[in-house]
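A.B. asks: Let me give you the structure first, and then I'll get to my questions.
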Amino acid sequence: MAKSKFEYVRLFEADDRCLPNTWIVVRVDGKGFHKFSTEHEYEKPNDIKALSLMNRAATSVMEEFKDVCLAYGQSDEYSFVFRKETQAYSRRSAKLSTNVCSLFTSAFVYYWNEYFPTSKPRYPPVFDGRTVLYPSNQNIRDYLSWRQADCHINNLYNTTFWTLILKGGLTPAEAESKLKGTLSGDKNEILFSQFGINYNTEPEMLRKGTVLVRRKIPVALPNGGTREKSQIVQEHVDIIGDEFWNTNTHLLTVT
């Protein structure tokens with residue numbers, strides 16, 4: 001490629017390659033989604049269609065980026081875990097975060113009508129993205145545990161908050177005041193004693209979030225045999241304890 005006298009400006013570009021042998025997490029997070037969910041009339045406290053759309057957008061990311069071994073999503077956020085040894089975009093942080101974030105956002109819009117067939121986005125949704133590195137297997141597990149614990153805390157609060165409003169007749173200010181200083185047990189008691197709701201029977205996707213994981217699944221062949229094929233599997237399971245990781249030992253193994 002021919003060079004010009006202006007080539008020197010490339011020297012101002014920062015080298016943002018991620019450290020080798022570290023887990024790379026790209027997290028996308030909705031910007032101003034409290035307003036977005038209100039203006040698009042999301043059901044409260046949770047809109048299954050909106051969460052399913054988020055899962056579809058995340059699946060699109062995993063279909064494109066084969067080195068994403070696992071993704072975890074809840075509410076208006078999704079975390080994508082790149083394998084330690086990935087060389088995608090030469091491990092450049094900005095390239096990874098911008099490509100994941102832009103694909104997620106475009107897929108969110110592209111598949112909107114599949115989940116909201118009678119409406120269209122009133123304005124473009126916005127997601128921000130960031131790249132974070134985790135050096136050890138325990139670090140990446142703790143990160144995902146943090147996000148799932150956050151899902152539980154926020155969903156229990158939101159479920160109780162909106163139940164007080166929609167079924168209890170309180171105003172948002174009154175519901176917020178009633179829940180101020182309460183613990184998880186207090187919220188569970190409010191739901192059960194006042195409204196007959198057992199929080200533990202609420203859909204697992206709401207309580208635990210969504211895990212997208214690559215797993216080899218037996219696929220039938222035309223000749224009657226089977227072969228294993230890597231597929232993206234969607235689950236709503238606990239990822240804080242050991243059972244998930246003992247079942248999916250391939251996730252933390254460097255290939």
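Labeling convention for the structure tokens: chains A, B, ... as they appear, residues from 1 per chain, ligands from 1 in order of appearance.
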If you take only C-alpha atoms and a cut-off of 9 Å, which residues of segment 84-191 of chain A touch segment 16-31 of chain A, and what are their nearest atom pairs and distances in Å to one decimal, in chain and number order, as JSON lines?
C.D. replies:
{"residue": "A:Lys84", "atom": "CA", "partner": "A:Trp23", "partner_atom": "CA", "distance": 4.5}
{"residue": "A:Glu85", "atom": "CA", "partner": "A:Asn21", "partner_atom": "CA", "distance": 5.9}
{"residue": "A:Thr86", "atom": "CA", "partner": "A:Ile24", "partner_atom": "CA", "distance": 8.6}
{"residue": "A:Tyr89", "atom": "CA", "partner": "A:Arg17", "partner_atom": "CA", "distance": 9.0}
{"residue": "A:Ser90", "atom": "CA", "partner": "A:Arg17", "partner_atom": "CA", "distance": 6.9}
{"residue": "A:Arg91", "atom": "CA", "partner": "A:Arg17", "partner_atom": "CA", "distance": 5.2}
{"residue": "A:Arg92", "atom": "CA", "partner": "A:Arg17", "partner_atom": "CA", "distance": 4.1}
{"residue": "A:Ser93", "atom": "CA", "partner": "A:Asp16", "partner_atom": "CA", "distance": 5.7}
{"residue": "A:Ala94", "atom": "CA", "partner": "A:Asp16", "partner_atom": "CA", "distance": 7.1}
{"residue": "A:Leu96", "atom": "CA", "partner": "A:Val26", "partner_atom": "CA", "distance": 7.3}
{"residue": "A:Ser97", "atom": "CA", "partner": "A:Val26", "partner_atom": "CA", "distance": 5.8}
{"residue": "A:Val100", "atom": "CA", "partner": "A:Val26", "partner_atom": "CA", "distance": 7.4}
{"residue": "A:Cys101", "atom": "CA", "partner": "A:Val28", "partner_atom": "CA", "distance": 6.0}
{"residue": "A:Phe104", "atom": "CA", "partner": "A:Val28", "partner_atom": "CA", "distance": 8.1}
{"residue": "A:Pro125", "atom": "CA", "partner": "A:Lys31", "partner_atom": "CA", "distance": 7.7}
{"residue": "A:Val126", "atom": "CA", "partner": "A:Lys31", "partner_atom": "CA", "distance": 5.4}
{"residue": "A:Phe127", "atom": "CA", "partner": "A:Gly30", "partner_atom": "CA", "distance": 4.3}
{"residue": "A:Asp128", "atom": "CA", "partner": "A:Asp29", "partner_atom": "CA", "distance": 5.4}
{"residue": "A:Gly129", "atom": "CA", "partner": "A:Val28", "partner_atom": "CA", "distance": 4.4}
{"residue": "A:Arg130", "atom": "CA", "partner": "A:Arg27", "partner_atom": "CA", "distance": 5.6}
{"residue": "A:Thr131", "atom": "CA", "partner": "A:Val26", "partner_atom": "CA", "distance": 4.6}
{"residue": "A:Val132", "atom": "CA", "partner": "A:Val25", "partner_atom": "CA", "distance": 5.2}
{"residue": "A:Leu133", "atom": "CA", "partner": "A:Ile24", "partner_atom": "CA", "distance": 4.9}
{"residue": "A:Tyr134", "atom": "CA", "partner": "A:Trp23", "partner_atom": "CA", "distance": 5.0}
{"residue": "A:Pro135", "atom": "CA", "partner": "A:Thr22", "partner_atom": "CA", "distance": 4.5}
{"residue": "A:Ser136", "atom": "CA", "partner": "A:Thr22", "partner_atom": "CA", "distance": 7.1}
{"residue": "A:Asn137", "atom": "CA", "partner": "A:Trp23", "partner_atom": "CA", "distance": 8.1}
{"residue": "A:Asn139", "atom": "CA", "partner": "A:Trp23", "partner_atom": "CA", "distance": 8.9}
{"residue": "A:Ile140", "atom": "CA", "partner": "A:Trp23", "partner_atom": "CA", "distance": 7.0}
A.B. asks: So that I have them on file, write out the residues from the current selection with N, CA and C atoms, as an mmCIF file, in the first residue's frame.
C.D. replies:
data_model
loop_
_atom_site.group_PDB
_atom_site.id
_atom_site.type_symbol
_atom_site.label_atom_id
_atom_site.label_comp_id
_atom_site.auth_asym_id
_atom_site.auth_seq_id
_atom_site.Cartn_x
_atom_site.Cartn_y
_atom_site.Cartn_z
ATOM 1 N N LYS A 84 -9.888 -17.423 27.087
ATOM 2 C CA LYS A 84 -8.597 -16.848 27.458
ATOM 3 C C LYS A 84 -7.656 -16.716 26.269
ATOM 4 N N GLU A 85 -7.681 -17.704 25.376
ATOM 5 C CA GLU A 85 -6.704 -17.739 24.289
ATOM 6 C C GLU A 85 -7.177 -17.043 23.023
ATOM 7 N N THR A 86 -8.325 -16.389 23.059
ATOM 8 C CA THR A 86 -8.841 -15.762 21.845
ATOM 9 C C THR A 86 -7.846 -14.768 21.239
ATOM 10 N N TYR A 89 -9.651 -9.967 16.726
ATOM 11 C CA TYR A 89 -9.220 -8.571 16.572
ATOM 12 C C TYR A 89 -7.895 -8.304 17.296
ATOM 13 N N SER A 90 -7.031 -9.326 17.300
ATOM 14 C CA SER A 90 -5.721 -9.211 17.966
ATOM 15 C C SER A 90 -5.874 -8.773 19.424
ATOM 16 N N ARG A 91 -7.022 -9.118 20.009
ATOM 17 C CA ARG A 91 -7.326 -8.825 21.416
ATOM 18 C C ARG A 91 -7.395 -7.316 21.697
ATOM 19 N N ARG A 92 -7.693 -6.526 20.677
ATOM 20 C CA ARG A 92 -7.791 -5.083 20.874
ATOM 21 C C ARG A 92 -9.104 -4.745 21.567
ATOM 22 N N SER A 93 -8.988 -4.089 22.701
ATOM 23 C CA SER A 93 -10.141 -3.824 23.557
ATOM 24 C C SER A 93 -11.243 -3.048 22.850
ATOM 25 N N ALA A 94 -10.869 -1.943 22.198
ATOM 26 C CA ALA A 94 -11.873 -1.114 21.543
ATOM 27 C C ALA A 94 -12.573 -1.860 20.422
ATOM 28 N N LEU A 96 -13.063 -5.103 20.167
ATOM 29 C CA LEU A 96 -13.951 -6.112 20.741
ATOM 30 C C LEU A 96 -15.234 -5.479 21.268
ATOM 31 N N SER A 97 -15.088 -4.430 22.068
ATOM 32 C CA SER A 97 -16.270 -3.829 22.693
ATOM 33 C C SER A 97 -17.175 -3.162 21.666
ATOM 34 N N VAL A 100 -18.931 -5.970 19.381
ATOM 35 C CA VAL A 100 -19.961 -6.694 20.137
ATOM 36 C C VAL A 100 -21.152 -5.787 20.404
ATOM 37 N N CYS A 101 -20.877 -4.574 20.851
ATOM 38 C CA CYS A 101 -21.958 -3.651 21.208
ATOM 39 C C CYS A 101 -22.786 -3.258 19.990
ATOM 40 N N PHE A 104 -24.883 -6.289 18.855
ATOM 41 C CA PHE A 104 -25.980 -6.520 19.798
ATOM 42 C C PHE A 104 -27.103 -5.506 19.561
ATOM 43 N N PRO A 125 -32.724 2.520 20.226
ATOM 44 C CA PRO A 125 -32.184 2.138 21.529
ATOM 45 C C PRO A 125 -30.665 2.280 21.527
ATOM 46 N N VAL A 126 -30.098 2.526 22.696
ATOM 47 C CA VAL A 126 -28.651 2.714 22.816
ATOM 48 C C VAL A 126 -28.105 1.773 23.889
ATOM 49 N N PHE A 127 -27.020 1.103 23.554
ATOM 50 C CA PHE A 127 -26.297 0.267 24.523
ATOM 51 C C PHE A 127 -24.846 0.731 24.569
ATOM 52 N N ASP A 128 -24.289 0.781 25.771
ATOM 53 C CA ASP A 128 -22.856 1.062 25.874
ATOM 54 C C ASP A 128 -22.121 -0.253 26.092
ATOM 55 N N GLY A 129 -20.827 -0.235 25.847
ATOM 56 C CA GLY A 129 -20.029 -1.442 26.004
ATOM 57 C C GLY A 129 -18.722 -1.157 26.705
ATOM 58 N N ARG A 130 -18.245 -2.141 27.443
ATOM 59 C CA ARG A 130 -16.946 -2.004 28.116
ATOM 60 C C ARG A 130 -16.248 -3.355 28.115
ATOM 61 N N THR A 131 -14.935 -3.313 28.185
ATOM 62 C CA THR A 131 -14.122 -4.530 28.208
ATOM 63 C C THR A 131 -13.398 -4.618 29.544
ATOM 64 N N VAL A 132 -13.510 -5.780 30.183
ATOM 65 C CA VAL A 132 -12.845 -6.001 31.467
ATOM 66 C C VAL A 132 -12.109 -7.339 31.405
ATOM 67 N N LEU A 133 -10.919 -7.389 32.008
ATOM 68 C CA LEU A 133 -10.099 -8.595 31.994
ATOM 69 C C LEU A 133 -10.093 -9.265 33.358
ATOM 70 N N TYR A 134 -10.122 -10.593 33.342
ATOM 71 C CA TYR A 134 -10.066 -11.377 34.579
ATOM 72 C C TYR A 134 -9.012 -12.461 34.417
ATOM 73 N N PRO A 135 -7.994 -12.484 35.276
ATOM 74 C CA PRO A 135 -6.857 -13.387 35.062
ATOM 75 C C PRO A 135 -7.096 -14.853 35.411
ATOM 76 N N SER A 136 -7.954 -15.141 36.384
ATOM 77 C CA SER A 136 -8.083 -16.523 36.836
ATOM 78 C C SER A 136 -9.497 -17.058 36.623
ATOM 79 N N ASN A 137 -9.618 -18.388 36.678
ATOM 80 C CA ASN A 137 -10.928 -19.021 36.564
ATOM 81 C C ASN A 137 -11.844 -18.590 37.708
ATOM 82 N N ASN A 139 -11.744 -15.746 39.255
ATOM 83 C CA ASN A 139 -12.148 -14.363 38.979
ATOM 84 C C ASN A 139 -13.347 -14.312 38.045
ATOM 85 N N ILE A 140 -13.309 -15.103 36.959
ATOM 86 C CA ILE A 140 -14.408 -15.056 35.993
ATOM 87 C C ILE A 140 -15.674 -15.648 36.598
#
A.B. asks: Extract, using only C-alpha atoms, all DNA, RNA and protein residues at most 9 Å from Ser60 of chain A, discarding same-chain residues fewer than 3 positions from it, and format them as a ChimeraX atom specification.
C.D. replies: /A:55-57,63-65,103-104,107
A.B. asks: Convert the current residue selection to file output with C-alpha atoms, as a PDB file, in the first residue's frame.
C.D. replies:
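Resulting contents of result10.pdb:
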ATOM      1  CA  ASN A  55     -31.594 -13.166  24.491  1.00  0.00           C
ATOM      2  CA  ARG A  56     -32.059 -13.241  20.717  1.00  0.00           C
ATOM      3  CA  ALA A  57     -29.690 -10.311  20.248  1.00  0.00           C
ATOM      4  CA  GLU A  63     -23.209 -16.836  16.372  1.00  0.00           C
ATOM      5  CA  GLU A  64     -20.786 -14.243  15.006  1.00  0.00           C
ATOM      6  CA  PHE A  65     -18.030 -14.514  17.624  1.00  0.00           C
ATOM      7  CA  LEU A 103     -23.905  -6.092  16.638  1.00  0.00           C
ATOM      8  CA  PHE A 104     -25.980  -6.520  19.798  1.00  0.00           C
ATOM      9  CA  ALA A 107     -29.754  -7.319  16.313  1.00  0.00           C
TER      10      ALA A 107
END
A.B. asks: Run DSSP on the backbone and tell me which residues of segment 111-180 of chain A come out as helix (DSSP H, G or I); list them as a PyMOL selection string.
C.D. replies: chain A and resi 112-115+137-166+172-179
A.B. asks: Can you pull out the residues contacting Lys44 of chain A? Cut-off 10 Å, using only C-alpha atoms, and skip same-chain residues under 6 positions away; I want them as number ranges by chain.
C.D. replies: A: 37-38, 158-159, 161-163, 166
A.B. asks: Tell me, as a PyMOL selection string, which residues lie within 12 Å of Gly185 of chain A, counting only C-alpha atoms; anything in the same chain fewer than 5 positions away does not count.
C.D. replies: chain A and resi 153+156-157+160+179+190-193+198-200
A.B. asks: My list of candidates is A:Ala71, A:Cys151, A:Ala14, A:Leu251. Which is closest to Gly209 of chain A when distances are computed with only C-alpha atoms?
C.D. replies: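 Counting only C-alpha atoms, the residue closest to Gly209 of chain A is A:Cys151.
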A.B. asks: Tell me, in Å to one decimal, how far atom CA of Met62 of chain A is from atom CA of Phe82 of chain A.
C.D. replies: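 One can read the atom CA of Met62 of chain A to atom CA of Phe82 of chain A distance as 9.9 Å.
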A.B. asks: So, counting only C-alpha atoms, which residue among A:Arg214, A:Lys208, A:Lys180, A:Lys95 is closest to Val81 of chain A?
C.D. replies: A:Arg214
